[in-house]
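A.B. asks: Input structure: entry_34.pdb, which contains PDB, C-alpha atoms.
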ATOM      1  CA  THR A  22      31.944  30.092  -2.199
ATOM      2  CA  PHE A  23      28.629  30.407  -0.284
ATOM      3  CA  ASP A  24      27.827  33.379   1.919
ATOM      4  CA  ALA A  25      24.494  31.965   3.087
ATOM      5  CA  SER A  26      22.017  29.222   2.213
ATOM      6  CA  THR A  27      18.763  27.689   3.449
ATOM      7  CA  TYR A  28      18.503  24.942   0.816
ATOM      8  CA  ILE A  29      21.249  22.415   1.445
ATOM      9  CA  SER A  30      20.067  18.940   2.403
ATOM     10  CA  THR A  31      19.924  17.620   5.950
ATOM     11  CA  LYS A  32      22.607  15.036   5.190
ATOM     12  CA  THR A  33      24.872  17.675   3.666
ATOM     13  CA  LEU A  34      24.686  19.920   6.719
ATOM     14  CA  PHE A  35      25.381  17.041   9.098
ATOM     15  CA  ASP A  36      28.391  16.096   6.973
ATOM     16  CA  LEU A  37      29.636  19.696   6.865
ATOM     17  CA  ARG A  38      29.402  19.992  10.631
ATOM     18  CA  GLU A  39      32.001  17.231  10.907
ATOM     19  CA  ASP A  40      34.471  19.444   9.033
ATOM     20  CA  ALA A  41      36.570  21.712  11.276
ATOM     21  CA  THR A  42      37.109  24.251   8.484
ATOM     22  CA  PHE A  43      33.368  24.590   7.922
ATOM     23  CA  ASN A  44      32.716  25.096  11.638
ATOM     24  CA  LYS A  45      35.487  27.691  11.804
ATOM     25  CA  ASN A  46      34.004  29.725   8.949
ATOM     26  CA  TYR A  47      30.234  29.217   9.199
ATOM     27  CA  HIS A  48      27.333  29.600  11.556
ATOM     28  CA  SER A  49      24.847  26.754  11.072
ATOM     29  CA  ARG A  50      21.464  25.943  12.534
ATOM     30  CA  PHE A  51      18.510  23.621  11.987
ATOM     31  CA  MET A  52      15.306  25.597  12.432
ATOM     32  CA  ASP A  53      11.645  24.551  12.581
ATOM     33  CA  THR A  54       9.349  25.861   9.851
ATOM     34  CA  TYR A  55       5.586  25.974   9.356
ATOM     35  CA  GLY A  56       5.633  23.340   6.607
ATOM     36  CA  TYR A  57       5.131  19.601   6.911
ATOM     37  CA  THR A  58       5.650  16.363   5.012
ATOM     38  CA  TYR A  59       2.746  14.041   4.259
ATOM     39  CA  ILE A  60       1.580  10.955   2.400
ATOM     40  CA  ALA A  61      -1.689  11.572   0.515
ATOM     41  CA  MET A  62      -4.132   8.807  -0.389
ATOM     42  CA  ASN A  63      -6.635   8.863  -3.241
ATOM     43  CA  MET A  64      -9.935   8.772  -1.351
ATOM     44  CA  LYS A  65     -12.095   9.024  -4.480
ATOM     45  CA  PRO A  66     -10.587   6.743  -7.147
ATOM     46  CA  ASP A  67     -12.605   6.013 -10.257
ATOM     47  CA  GLY A  68     -12.256   2.247  -9.812
ATOM     48  CA  LYS A  69     -10.893   1.887 -13.331
ATOM     49  CA  GLN A  70      -7.671   3.818 -13.765
ATOM     50  CA  ARG A  71      -7.129   3.739 -10.005
ATOM     51  CA  LYS A  72      -8.393   0.986  -7.695
ATOM     52  CA  LYS A  73     -10.827   1.564  -4.849
ATOM     53  CA  ILE A  74      -8.346   0.975  -2.056
ATOM     54  CA  PHE A  75      -8.214   4.116   0.074
ATOM     55  CA  ASP A  76     -11.911   5.058  -0.019
ATOM     56  CA  ASP A  77     -12.436   3.343   3.368
ATOM     57  CA  VAL A  78     -11.466   5.290   6.511
ATOM     58  CA  LYS A  79     -10.425   2.064   8.262
ATOM     59  CA  VAL A  80      -7.911   1.417   5.496
ATOM     60  CA  ARG A  81      -6.548   4.951   5.714
ATOM     61  CA  ARG A  82      -6.184   4.678   9.482
ATOM     62  CA  ALA A  83      -4.424   1.339   9.018
ATOM     63  CA  MET A  84      -1.933   2.965   6.616
ATOM     64  CA  SER A  85      -1.105   5.558   9.277
ATOM     65  CA  MET A  86      -0.569   2.734  11.769
ATOM     66  CA  LEU A  87       1.742   0.954   9.315
ATOM     67  CA  THR A  88       3.897   3.978   8.476
ATOM     68  CA  PRO A  89       7.118   3.935  10.555
ATOM     69  CA  VAL A  90       7.348   7.695  10.994
ATOM     70  CA  ASP A  91       9.719   7.578  13.964
ATOM     71  CA  ASP A  92      12.081   5.257  12.056
ATOM     72  CA  VAL A  93      12.018   7.584   9.041
ATOM     73  CA  ILE A  94      12.868  10.588  11.219
ATOM     74  CA  ARG A  95      15.637   8.713  13.024
ATOM     75  CA  VAL A  96      17.247   6.966  10.055
ATOM     76  CA  VAL A  97      16.802   9.509   7.272
ATOM     77  CA  ASN A  98      16.663  12.844   9.091
ATOM     78  CA  ARG A  99      18.895  12.034  12.092
ATOM     79  CA  GLY A 100      16.020  12.596  14.532
ATOM     80  CA  ILE A 101      15.813  16.377  14.092
ATOM     81  CA  ASN A 102      12.210  16.640  12.851
ATOM     82  CA  LYS A 103       9.114  16.785  15.051
ATOM     83  CA  ARG A 104       6.047  14.679  14.284
ATOM     84  CA  VAL A 105       2.790  16.365  13.305
ATOM     85  CA  THR A 106      -0.775  15.084  13.507
ATOM     86  CA  GLY A 107      -2.556  17.448  11.132
ATOM     87  CA  PRO A 108      -2.383  20.353   8.698
ATOM     88  CA  VAL A 109      -1.586  23.065  11.279
ATOM     89  CA  SER A 110       1.981  23.723  12.419
ATOM     90  CA  PRO A 111       2.914  22.988  16.062
ATOM     91  CA  LEU A 112       4.426  26.494  16.046
ATOM     92  CA  LYS A 113       0.917  27.968  16.042
ATOM     93  CA  PRO A 114      -1.288  28.374  19.141
ATOM     94  CA  GLU A 115      -4.290  26.817  17.348
ATOM     95  CA  TYR A 116      -2.415  23.538  16.765
ATOM     96  CA  ALA A 117      -4.587  20.710  18.112
ATOM     97  CA  LYS A 118      -2.669  18.340  20.380
ATOM     98  CA  LEU A 119      -4.063  15.093  18.996
ATOM     99  CA  ASP A 120      -2.644  11.669  19.790
ATOM    100  CA  VAL A 121       0.243  10.606  17.578
ATOM    101  CA  ILE A 122      -0.694   7.448  15.655
ATOM    102  CA  LYS A 123       1.933   4.900  16.614
ATOM    103  CA  LEU A 124       3.323   2.024  14.567
ATOM    104  CA  ASP A 125       1.021  -0.940  15.193
ATOM    105  CA  VAL A 126       1.158  -3.710  12.592
ATOM    106  CA  ALA A 127      -1.237  -6.018  14.464
ATOM    107  CA  GLY A 128      -3.764  -3.233  15.011
ATOM    108  CA  ALA A 129      -3.537  -2.210  11.354
ATOM    109  CA  ALA A 130      -4.046  -5.794  10.207
ATOM    110  CA  LYS A 131      -7.191  -5.975  12.346
ATOM    111  CA  LEU A 132      -8.606  -2.809  10.767
ATOM    112  CA  LEU A 133      -7.793  -4.071   7.273
ATOM    113  CA  SER A 134      -9.549  -7.352   8.031
ATOM    114  CA  GLU A 135     -12.607  -5.463   9.277
ATOM    115  CA  ALA A 136     -12.571  -3.547   5.975
ATOM    116  CA  GLY A 137     -12.624  -6.861   4.071
ATOM    117  CA  TRP A 138      -8.933  -7.123   3.153
ATOM    118  CA  LYS A 139      -7.616 -10.667   3.689
ATOM    119  CA  ASP A 140      -5.182 -13.019   1.975
ATOM    120  CA  THR A 141      -7.675 -15.431   0.415
ATOM    121  CA  ASP A 142      -5.279 -17.176  -1.988
ATOM    122  CA  GLY A 143      -2.147 -17.612   0.128
ATOM    123  CA  ASP A 144       0.115 -15.373  -1.987
ATOM    124  CA  LYS A 145       1.018 -13.181   1.051
ATOM    125  CA  VAL A 146      -0.787 -10.182  -0.456
ATOM    126  CA  ILE A 147      -4.160  -9.282   1.030
ATOM    127  CA  ASP A 148      -7.066  -8.936  -1.368
ATOM    128  CA  LYS A 149     -10.725  -8.033  -1.530
ATOM    129  CA  VAL A 150     -13.629  -8.429  -3.947
ATOM    130  CA  ILE A 151     -14.555  -4.957  -5.221
ATOM    131  CA  ASP A 152     -17.338  -4.420  -7.741
ATOM    132  CA  GLY A 153     -17.375  -8.149  -8.430
ATOM    133  CA  GLN A 154     -13.610  -8.494  -9.041
ATOM    134  CA  LYS A 155     -10.840  -9.675  -6.745
ATOM    135  CA  VAL A 156      -8.372  -6.836  -6.185
ATOM    136  CA  ASN A 157      -4.940  -7.202  -4.605
ATOM    137  CA  PHE A 158      -3.854  -4.521  -2.140
ATOM    138  CA  GLU A 159      -1.195  -3.319  -4.553
ATOM    139  CA  PHE A 160      -0.462   0.245  -5.617
ATOM    140  CA  ASP A 161       2.121   2.813  -6.738
ATOM    141  CA  PHE A 162       3.780   4.965  -4.079
ATOM    142  CA  ASN A 163       4.870   8.183  -5.820
ATOM    143  CA  PHE A 164       7.578  10.523  -4.556
ATOM    144  CA  LEU A 165       9.772  13.294  -5.973
ATOM    145  CA  ASN A 166      12.996  12.257  -7.689
ATOM    146  CA  THR A 167      14.610  15.583  -6.711
ATOM    147  CA  GLN A 168      14.628  14.915  -2.964
ATOM    148  CA  VAL A 169      17.882  13.298  -1.837
ATOM    149  CA  GLU A 170      16.470  11.457   1.184
ATOM    150  CA  TRP A 171      13.059  10.507  -0.174
ATOM    151  CA  LYS A 172      14.158   7.399  -2.041
ATOM    152  CA  ASP A 173      15.346   5.937   1.276
ATOM    153  CA  MET A 174      12.159   7.101   3.005
ATOM    154  CA  ALA A 175       9.985   5.435   0.366
ATOM    155  CA  ALA A 176      11.922   2.174   0.698
ATOM    156  CA  ILE A 177      11.518   2.117   4.497
ATOM    157  CA  ILE A 178       7.802   2.903   4.287
ATOM    158  CA  CYS A 179       7.000   0.380   1.545
ATOM    159  CA  GLU A 180       8.865  -2.350   3.423
ATOM    160  CA  SER A 181       6.774  -1.633   6.503
ATOM    161  CA  TYR A 182       3.551  -1.907   4.476
ATOM    162  CA  SER A 183       4.631  -5.326   3.255
ATOM    163  CA  ARG A 184       4.464  -6.600   6.841
ATOM    164  CA  ALA A 185       0.670  -6.394   6.580
ATOM    165  CA  GLY A 186       0.479  -8.077   3.174
ATOM    166  CA  ILE A 187       0.467  -4.822   1.200
ATOM    167  CA  LEU A 188       2.485  -4.482  -2.000
ATOM    168  CA  ALA A 189       3.552  -0.869  -2.549
ATOM    169  CA  HIS A 190       5.722   0.010  -5.545
ATOM    170  CA  PRO A 191       7.938   3.080  -4.980
ATOM    171  CA  VAL A 192       7.905   5.322  -8.069
ATOM    172  CA  ALA A 193      10.232   8.340  -8.364
ATOM    173  CA  LEU A 194       8.704  11.086 -10.514
ATOM    174  CA  ASP A 195       9.566  14.553 -11.764
ATOM    175  CA  GLN A 196       7.706  17.268  -9.879
ATOM    176  CA  SER A 197       5.602  18.401 -12.843
ATOM    177  CA  VAL A 198       4.541  14.818 -13.594
ATOM    178  CA  MET A 199       3.732  13.869 -10.004
ATOM    179  CA  PHE A 200       1.654  16.935  -9.177
ATOM    180  CA  GLY A 201       0.094  17.030 -12.637
ATOM    181  CA  ASN A 202      -1.174  13.488 -12.094
ATOM    182  CA  ALA A 203      -2.268  14.389  -8.570
ATOM    183  CA  ARG A 204      -4.423  17.281  -9.778
ATOM    184  CA  GLU A 205      -6.069  14.886 -12.255
ATOM    185  CA  HIS A 206      -6.611  12.378  -9.393
ATOM    186  CA  ASN A 207      -4.438   9.900 -11.295
ATOM    187  CA  PHE A 208      -2.509   8.395  -8.394
ATOM    188  CA  ASP A 209      -2.860   5.889  -5.579
ATOM    189  CA  MET A 210      -0.548   7.242  -2.896
ATOM    190  CA  MET A 211       2.016  10.052  -3.001
ATOM    191  CA  MET A 212       4.519  11.623  -0.640
ATOM    192  CA  GLY A 213       4.931  15.384  -0.689
ATOM    193  CA  SER A 214       5.491  18.447   1.456
ATOM    194  CA  MET A 215       3.333  21.466   2.177
ATOM    195  CA  GLY A 216       4.933  24.868   2.658
ATOM    196  CA  THR A 217       2.708  26.894   4.977
ATOM    197  CA  ASN A 218       3.475  30.110   6.859
ATOM    198  CA  SER A 219       2.712  32.155   9.969
ATOM    199  CA  MET A 220      -0.319  33.895   8.449
ATOM    200  CA  MET A 221      -3.947  33.122   9.365
ATOM    201  CA  GLU A 222      -4.979  29.674   8.172
ATOM    202  CA  ASP A 223      -6.931  29.389   4.920
ATOM    203  CA  PHE A 224      -7.619  25.727   4.153
ATOM    204  CA  THR A 225      -9.489  26.353   0.883
ATOM    205  CA  GLN A 226      -6.855  25.374  -1.653
ATOM    206  CA  VAL A 227      -5.834  22.077  -0.074
ATOM    207  CA  TRP A 228      -8.921  20.910   1.810
ATOM    208  CA  HIS A 229     -12.155  22.301   0.309
ATOM    209  CA  THR A 230     -14.172  19.884  -1.844
ATOM    210  CA  ASN A 231     -14.375  22.517  -4.602
ATOM    211  CA  SER A 232     -10.589  22.270  -4.901
ATOM    212  CA  TRP A 233     -10.939  18.561  -5.698
ATOM    213  CA  LYS A 234     -13.745  19.184  -8.201
ATOM    214  CA  MET A 235     -11.747  21.931  -9.936
ATOM    215  CA  ASN A 236      -8.476  19.937 -10.014
ATOM    216  CA  GLY A 237      -6.829  22.039  -7.364
ATOM    217  CA  SER A 238      -4.514  20.961  -4.547
ATOM    218  CA  ASN A 239      -7.086  18.775  -2.775
ATOM    219  CA  TYR A 240      -5.531  15.806  -4.535
ATOM    220  CA  GLY A 241      -7.169  12.960  -2.627
ATOM    221  CA  GLY A 242     -10.743  14.222  -2.410
ATOM    222  CA  PHE A 243     -11.083  15.038   1.298
ATOM    223  CA  GLY A 244     -14.065  16.946   2.594
ATOM    224  CA  ASN A 245     -17.667  16.948   3.718
ATOM    225  CA  THR A 246     -20.371  19.490   4.481
ATOM    226  CA  GLU A 247     -19.002  20.304   7.941
ATOM    227  CA  SER A 248     -15.373  20.719   6.876
ATOM    228  CA  ASP A 249     -16.386  22.909   3.921
ATOM    229  CA  SER A 250     -18.551  25.054   6.208
ATOM    230  CA  LEU A 251     -15.682  25.565   8.654
ATOM    231  CA  ILE A 252     -13.307  26.497   5.827
ATOM    232  CA  ASP A 253     -15.796  29.008   4.453
ATOM    233  CA  GLN A 254     -16.428  30.544   7.884
ATOM    234  CA  LEU A 255     -12.708  30.875   8.609
ATOM    235  CA  ARG A 256     -12.237  32.911   5.443
ATOM    236  CA  VAL A 257     -14.459  35.681   6.850
ATOM    237  CA  THR A 258     -13.667  35.349  10.566
ATOM    238  CA  LEU A 259     -10.768  37.471  11.826
ATOM    239  CA  ASP A 260     -11.222  37.265  15.599
ATOM    240  CA  PRO A 261      -8.548  34.815  16.914
ATOM    241  CA  ALA A 262     -10.763  33.818  19.837
ATOM    242  CA  LYS A 263     -13.486  32.706  17.425
ATOM    243  CA  ARG A 264     -11.084  31.144  14.933
ATOM    244  CA  GLN A 265      -9.235  28.897  17.371
ATOM    245  CA  PRO A 266     -12.073  26.453  18.213
ATOM    246  CA  MET A 267     -13.085  26.338  14.551
ATOM    247  CA  ILE A 268      -9.547  25.471  13.459
ATOM    248  CA  GLN A 269      -9.218  22.849  16.169
ATOM    249  CA  ARG A 270     -12.530  21.281  15.134
ATOM    250  CA  PHE A 271     -11.315  21.207  11.533
ATOM    251  CA  GLN A 272      -8.133  19.438  12.601
ATOM    252  CA  GLN A 273     -10.218  16.842  14.452
ATOM    253  CA  ILE A 274     -12.236  16.133  11.296
ATOM    254  CA  VAL A 275      -9.044  15.686   9.276
ATOM    255  CA  TYR A 276      -7.631  13.437  11.997
ATOM    256  CA  ASP A 277     -10.777  11.286  12.063
ATOM    257  CA  GLU A 278     -10.873  10.925   8.268
ATOM    258  CA  GLN A 279      -7.096  10.376   7.839
ATOM    259  CA  PRO A 280      -6.795  11.581   4.218
ATOM    260  CA  PHE A 281      -3.067  11.987   4.832
ATOM    261  CA  VAL A 282      -0.483  10.099   6.768
ATOM    262  CA  PHE A 283       1.063  13.133   8.470
ATOM    263  CA  LEU A 284       4.803  12.667   8.886
ATOM    264  CA  TYR A 285       6.867  15.507  10.342
ATOM    265  CA  ALA A 286       7.361  19.261  10.429
ATOM    266  CA  LEU A 287       9.909  20.533   7.932
ATOM    267  CA  VAL A 288      13.221  21.882   9.164
ATOM    268  CA  ARG A 289      15.219  24.594   7.411
ATOM    269  CA  ARG A 290      18.983  24.123   7.140
ATOM    270  CA  ASN A 291      20.670  27.504   7.622
ATOM    271  CA  ILE A 292      24.305  28.366   7.019
ATOM    272  CA  VAL A 293      25.812  31.866   7.131
ATOM    273  CA  HIS A 294      29.484  32.702   6.670
ATOM    274  CA  LYS A 295      31.041  34.286   9.737
ATOM    275  CA  ARG A 296      32.228  37.242   7.675
ATOM    276  CA  TRP A 297      28.641  38.469   8.032
ATOM    277  CA  GLY A 298      27.083  40.045  11.112
ATOM    278  CA  ASN A 299      23.530  41.124  11.957
ATOM    279  CA  VAL A 300      22.333  37.586  11.203
ATOM    280  CA  GLU A 301      18.608  37.113  11.831
ATOM    281  CA  LEU A 302      16.844  33.744  11.389
ATOM    282  CA  PHE A 303      13.101  33.167  11.245
ATOM    283  CA  ASN A 304      10.711  30.191  11.196
ATOM    284  CA  ASP A 305       8.891  31.796   8.266
ATOM    285  CA  ARG A 306      10.206  31.960   4.722
ATOM    286  CA  PRO A 307      12.764  32.849   3.470
ATOM    287  CA  GLY A 308      14.348  32.034   6.848
ATOM    288  CA  ILE A 309      17.238  34.494   6.520
ATOM    289  CA  LEU A 310      16.858  38.221   5.858
ATOM    290  CA  TYR A 311      19.708  38.467   3.372
ATOM    291  CA  ASN A 312      19.397  42.222   2.904
ATOM    292  CA  ASN A 313      20.026  42.709   6.646
ATOM    293  CA  LEU A 314      23.418  40.971   6.591
ATOM    294  CA  LYS A 315      26.335  43.330   7.202
ATOM    295  CA  LEU A 316      30.003  42.623   6.559
ATOM    296  CA  ILE A 317      32.030  42.492   9.745
ATOM    297  CA  THR A 318      34.817  45.087   9.781
ATOM    298  CA  THR A 319      38.368  44.541  10.964
ATOM    299  CA  ASP A 320      37.436  45.676  14.481
ATOM    300  CA  GLY A 321      34.815  42.925  14.702
ATOM    301  CA  THR A 322      31.716  45.095  14.336
ATOM    302  CA  ALA A 323      29.061  44.902  11.618
ATOM    303  CA  ALA A 324      29.494  47.608   8.993
ATOM    304  CA  ASN A 325      26.678  50.066   8.306
TER     305      ASN A 325
END
Take the structure in the file and give it back as structure tokens.

C.D. replies:
Amino acid sequence: TFDASTYISTKTLFDLREDATFNKNYHSRFMDTYGYTYIAMNMKPDGKQRKKIFDDVKVRRAMSMLTPVDDVIRVVNRGINKRVTGPVSPLKPEYAKLDVIKLDVAGAAKLLSEAGWKDTDGDKVIDKVIDGQKVNFEFDFNFLNTQVEWKDMAAIICESYSRAGILAHPVALDQSVMFGNAREHNFDMMMGSMGTNSMMEDFTQVWHTNSWKMNGSNYGGFGNTESDSLIDQLRVTLDPAKRQPMIQRFQQIVYDEQPFVFLYALVRRNIVHKRWGNVELFNDRPGILYNNLKLITTDGTAAN
């Protein structure tokens, strides 16, 4: 009943490709996009509603070292996604080739200890005295309940955190609830995806400090004077030769601060029925130019 789609799940397309009838009747292709999946941490919690856990860069770096990104890609997404290290797509020439942060439980535990997180009471959960009170490293890990694979991803990730004495509670939420709480800075950690495109980068909405102050999409509170200055300059700089070093410097700042655990580049799942010719696929949205599809005539050519 489908002529074309870009929205079926990864698992569904893999399953369909095992069906001879599907392969006979459909073209199918996984295609890289400009978007990416991430785990955001609340860098500026109020200390009351949300604990002061991720306000330390050593802790945030440790979380990246504890996140089994390669396992998630292999187990949940069948190995088709590419890892990313920052907010710029690898499809773009200004993408900074920074070192992938590898899974390193021992190294993460060392960083956490340096940040003051240790198991002082023998309950296998690390803790720390913050503002005069002992706080367990325990938090909610929010993710969307509409994503088929994300429940499994959250389980794998939270289990990996437990290896360092961290207790993460996976919480599946409706999209409006999760992002509504995020804009109000009412979260500890959340997994989401960012849909970017091939246009010139404008980091204002997601990364400028004003976006955090005004309850925009800078959910975790990233930013400093230098990053804001770069974002502002990029908005009025059109020369690619001048933009590239600025964008790469911005990526380095994000990498050093680790506000996100960057996971992988998103992949679009394309299917088009073979009754259609003139099929064109693109990395950018919507992925398929539906109005360019032409029915194939009985002589095998695409109709005008």

A.B. asks: Each residue of region 212-298 of chain A lying at most 12 Å from region 101-117 of chain A should get a row with its shortest atom-to-atom pair and the distance in Å to one decimal, counting only C-alpha atoms; could you produce that, ordered by chain and increasing number, as a tab-separated table?

C.D. replies:
residue	atom	partner	partner_atom	distance
A:Ser214	CA	A:Pro108	CA	10.9
A:Met215	CA	A:Pro108	CA	8.7
A:Gly216	CA	A:Ser110	CA	10.3
A:Thr217	CA	A:Ser110	CA	8.1
A:Asn218	CA	A:Ser110	CA	8.6
A:Ser219	CA	A:Lys113	CA	7.6
A:Met220	CA	A:Lys113	CA	9.7
A:Met221	CA	A:Lys113	CA	9.7
A:Glu222	CA	A:Val109	CA	8.1
A:Asp223	CA	A:Val109	CA	10.4
A:Phe224	CA	A:Pro108	CA	8.8
A:Val227	CA	A:Pro108	CA	9.6
A:Trp228	CA	A:Pro108	CA	9.5
A:Pro261	CA	A:Glu115	CA	9.1
A:Ala262	CA	A:Glu115	CA	9.9
A:Lys263	CA	A:Glu115	CA	10.9
A:Arg264	CA	A:Glu115	CA	8.4
A:Gln265	CA	A:Glu115	CA	5.4
A:Pro266	CA	A:Glu115	CA	7.8
A:Met267	CA	A:Glu115	CA	9.2
A:Ile268	CA	A:Glu115	CA	6.7
A:Gln269	CA	A:Ala117	CA	5.5
A:Arg270	CA	A:Ala117	CA	8.5
A:Phe271	CA	A:Pro108	CA	9.4
A:Gln272	CA	A:Gly107	CA	6.1
A:Gln273	CA	A:Ala117	CA	7.8
A:Ile274	CA	A:Gly107	CA	9.8
A:Val275	CA	A:Gly107	CA	7.0
A:Tyr276	CA	A:Gly107	CA	6.5
A:Asp277	CA	A:Gly107	CA	10.3
A:Glu278	CA	A:Gly107	CA	11.0
A:Gln279	CA	A:Gly107	CA	9.0
A:Pro280	CA	A:Gly107	CA	10.0
A:Phe281	CA	A:Gly107	CA	8.4
A:Val282	CA	A:Thr106	CA	8.4
A:Phe283	CA	A:Thr106	CA	5.7
A:Leu284	CA	A:Arg104	CA	5.9
A:Tyr285	CA	A:Arg104	CA	4.1
A:Ala286	CA	A:Lys103	CA	5.5
A:Leu287	CA	A:Asn102	CA	6.7
A:Val288	CA	A:Asn102	CA	6.5
A:Arg289	CA	A:Asn102	CA	10.1
A:Arg290	CA	A:Ile101	CA	10.9

A.B. asks: Those same residues - C-alpha atoms - I'd like them written as a short mmCIF file (atom, residue, chain, number, x, y, z; two decimals), keeping the file's coordinate frame.

C.D. replies:
data_model
loop_
_atom_site.label_atom_id
_atom_site.label_comp_id
_atom_site.auth_asym_id
_atom_site.auth_seq_id
_atom_site.Cartn_x
_atom_site.Cartn_y
_atom_site.Cartn_z
CA SER A 214 5.49 18.45 1.46
CA MET A 215 3.33 21.47 2.18
CA GLY A 216 4.93 24.87 2.66
CA THR A 217 2.71 26.89 4.98
CA ASN A 218 3.48 30.11 6.86
CA SER A 219 2.71 32.16 9.97
CA MET A 220 -0.32 33.90 8.45
CA MET A 221 -3.95 33.12 9.36
CA GLU A 222 -4.98 29.67 8.17
CA ASP A 223 -6.93 29.39 4.92
CA PHE A 224 -7.62 25.73 4.15
CA VAL A 227 -5.83 22.08 -0.07
CA TRP A 228 -8.92 20.91 1.81
CA PRO A 261 -8.55 34.82 16.91
CA ALA A 262 -10.76 33.82 19.84
CA LYS A 263 -13.49 32.71 17.42
CA ARG A 264 -11.08 31.14 14.93
CA GLN A 265 -9.24 28.90 17.37
CA PRO A 266 -12.07 26.45 18.21
CA MET A 267 -13.08 26.34 14.55
CA ILE A 268 -9.55 25.47 13.46
CA GLN A 269 -9.22 22.85 16.17
CA ARG A 270 -12.53 21.28 15.13
CA PHE A 271 -11.32 21.21 11.53
CA GLN A 272 -8.13 19.44 12.60
CA GLN A 273 -10.22 16.84 14.45
CA ILE A 274 -12.24 16.13 11.30
CA VAL A 275 -9.04 15.69 9.28
CA TYR A 276 -7.63 13.44 12.00
CA ASP A 277 -10.78 11.29 12.06
CA GLU A 278 -10.87 10.92 8.27
CA GLN A 279 -7.10 10.38 7.84
CA PRO A 280 -6.80 11.58 4.22
CA PHE A 281 -3.07 11.99 4.83
CA VAL A 282 -0.48 10.10 6.77
CA PHE A 283 1.06 13.13 8.47
CA LEU A 284 4.80 12.67 8.89
CA TYR A 285 6.87 15.51 10.34
CA ALA A 286 7.36 19.26 10.43
CA LEU A 287 9.91 20.53 7.93
CA VAL A 288 13.22 21.88 9.16
CA ARG A 289 15.22 24.59 7.41
CA ARG A 290 18.98 24.12 7.14
#

A.B. asks: Could you tell me, as a list in words, exactly which residues end up selected when the PyMOL selection byres ((chain A and resi 90) around 8) is applied to this structure?

C.D. replies: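 When the PyMOL selection byres ((chain A and resi 90) around 8) is applied to the shown file, the picked residues are Thr88, Pro89, Asp91, Asp92, Val93, Ile94, Arg104, Leu124, Leu284 and Tyr285 of chain A.
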
A.B. asks: Can you work out which one of A:Val97, A:Ile147, A:Leu133, A:Met174 has the shortest atom-to-atom distance to Gly186 (chain A), counting all atoms listed in the file?

C.D. replies: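 Looking only at the distances to Gly186 (chain A), the closest residue turns out to be A:Ile147.
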
A.B. asks: Kindly assemble as JSON lines a list of the region 137-211 of chain A residues that lie within 12 Å of region 232-238 of chain A, each paired with its nearest atom pair and their distance in Å to one decimal, using all atoms listed in the file, sorted first by chain and then by ascending residue number.

C.D. replies:
{"residue": "A:Phe200", "atom": "CA", "partner": "A:Ser238", "partner_atom": "CA", "distance": 8.7}
{"residue": "A:Gly201", "atom": "CA", "partner": "A:Asn236", "partner_atom": "CA", "distance": 9.4}
{"residue": "A:Asn202", "atom": "CA", "partner": "A:Asn236", "partner_atom": "CA", "distance": 10.0}
{"residue": "A:Ala203", "atom": "CA", "partner": "A:Ser238", "partner_atom": "CA", "distance": 8.0}
{"residue": "A:Arg204", "atom": "CA", "partner": "A:Asn236", "partner_atom": "CA", "distance": 4.9}
{"residue": "A:Glu205", "atom": "CA", "partner": "A:Asn236", "partner_atom": "CA", "distance": 6.0}
{"residue": "A:His206", "atom": "CA", "partner": "A:Asn236", "partner_atom": "CA", "distance": 7.8}
{"residue": "A:Asn207", "atom": "CA", "partner": "A:Asn236", "partner_atom": "CA", "distance": 10.9}

A.B. asks: Spell out the residues picked by the PyMOL selection byres ((chain A and resi 189-197) around 10) here, as a PyMOL selection string.

C.D. replies: chain A and resi 158-168+171-172+174-176+178-183+186-188+198-203+209-211+213

A.B. asks: To one decimal place, how far is CA of Leu87 (chain A) from CA of Glu135 (chain A) in Å?

C.D. replies: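 Interatomic distance here is 15.7 Å.
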
A.B. asks: So which residues get picked by the PyMOL selection byres ((chain A and resi 70) around 10) here, written as a PyMOL selection string?

C.D. replies: chain A and resi 66-69+71-73+206-209

A.B. asks: Write out as a ChimeraX atom specification each polymer residue whose atoms come within 8 Å of Met86 (chain A), counting all atoms listed in the file; drop sequence neighbours fewer than 4 positions from it.

C.D. replies: /A:82,122-126,128-129

A.B. asks: Would you please work out which residue, of A:Val156, A:Ser26, A:Asn44, A:Tyr311, is nearest to Gly298 (chain A) when using only C-alpha atoms?

C.D. replies: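 Counting only C-alpha atoms, the residue closest to Gly298 (chain A) is A:Tyr311.
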
A.B. asks: Work out how far CA of Val96 (chain A) is from CA of Tyr47 (chain A), in Å to one decimal.

C.D. replies: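 Taking CA of Tyr47 (chain A) as the start and CA of Val96 (chain A) as the end point, the length is 25.8 Å.
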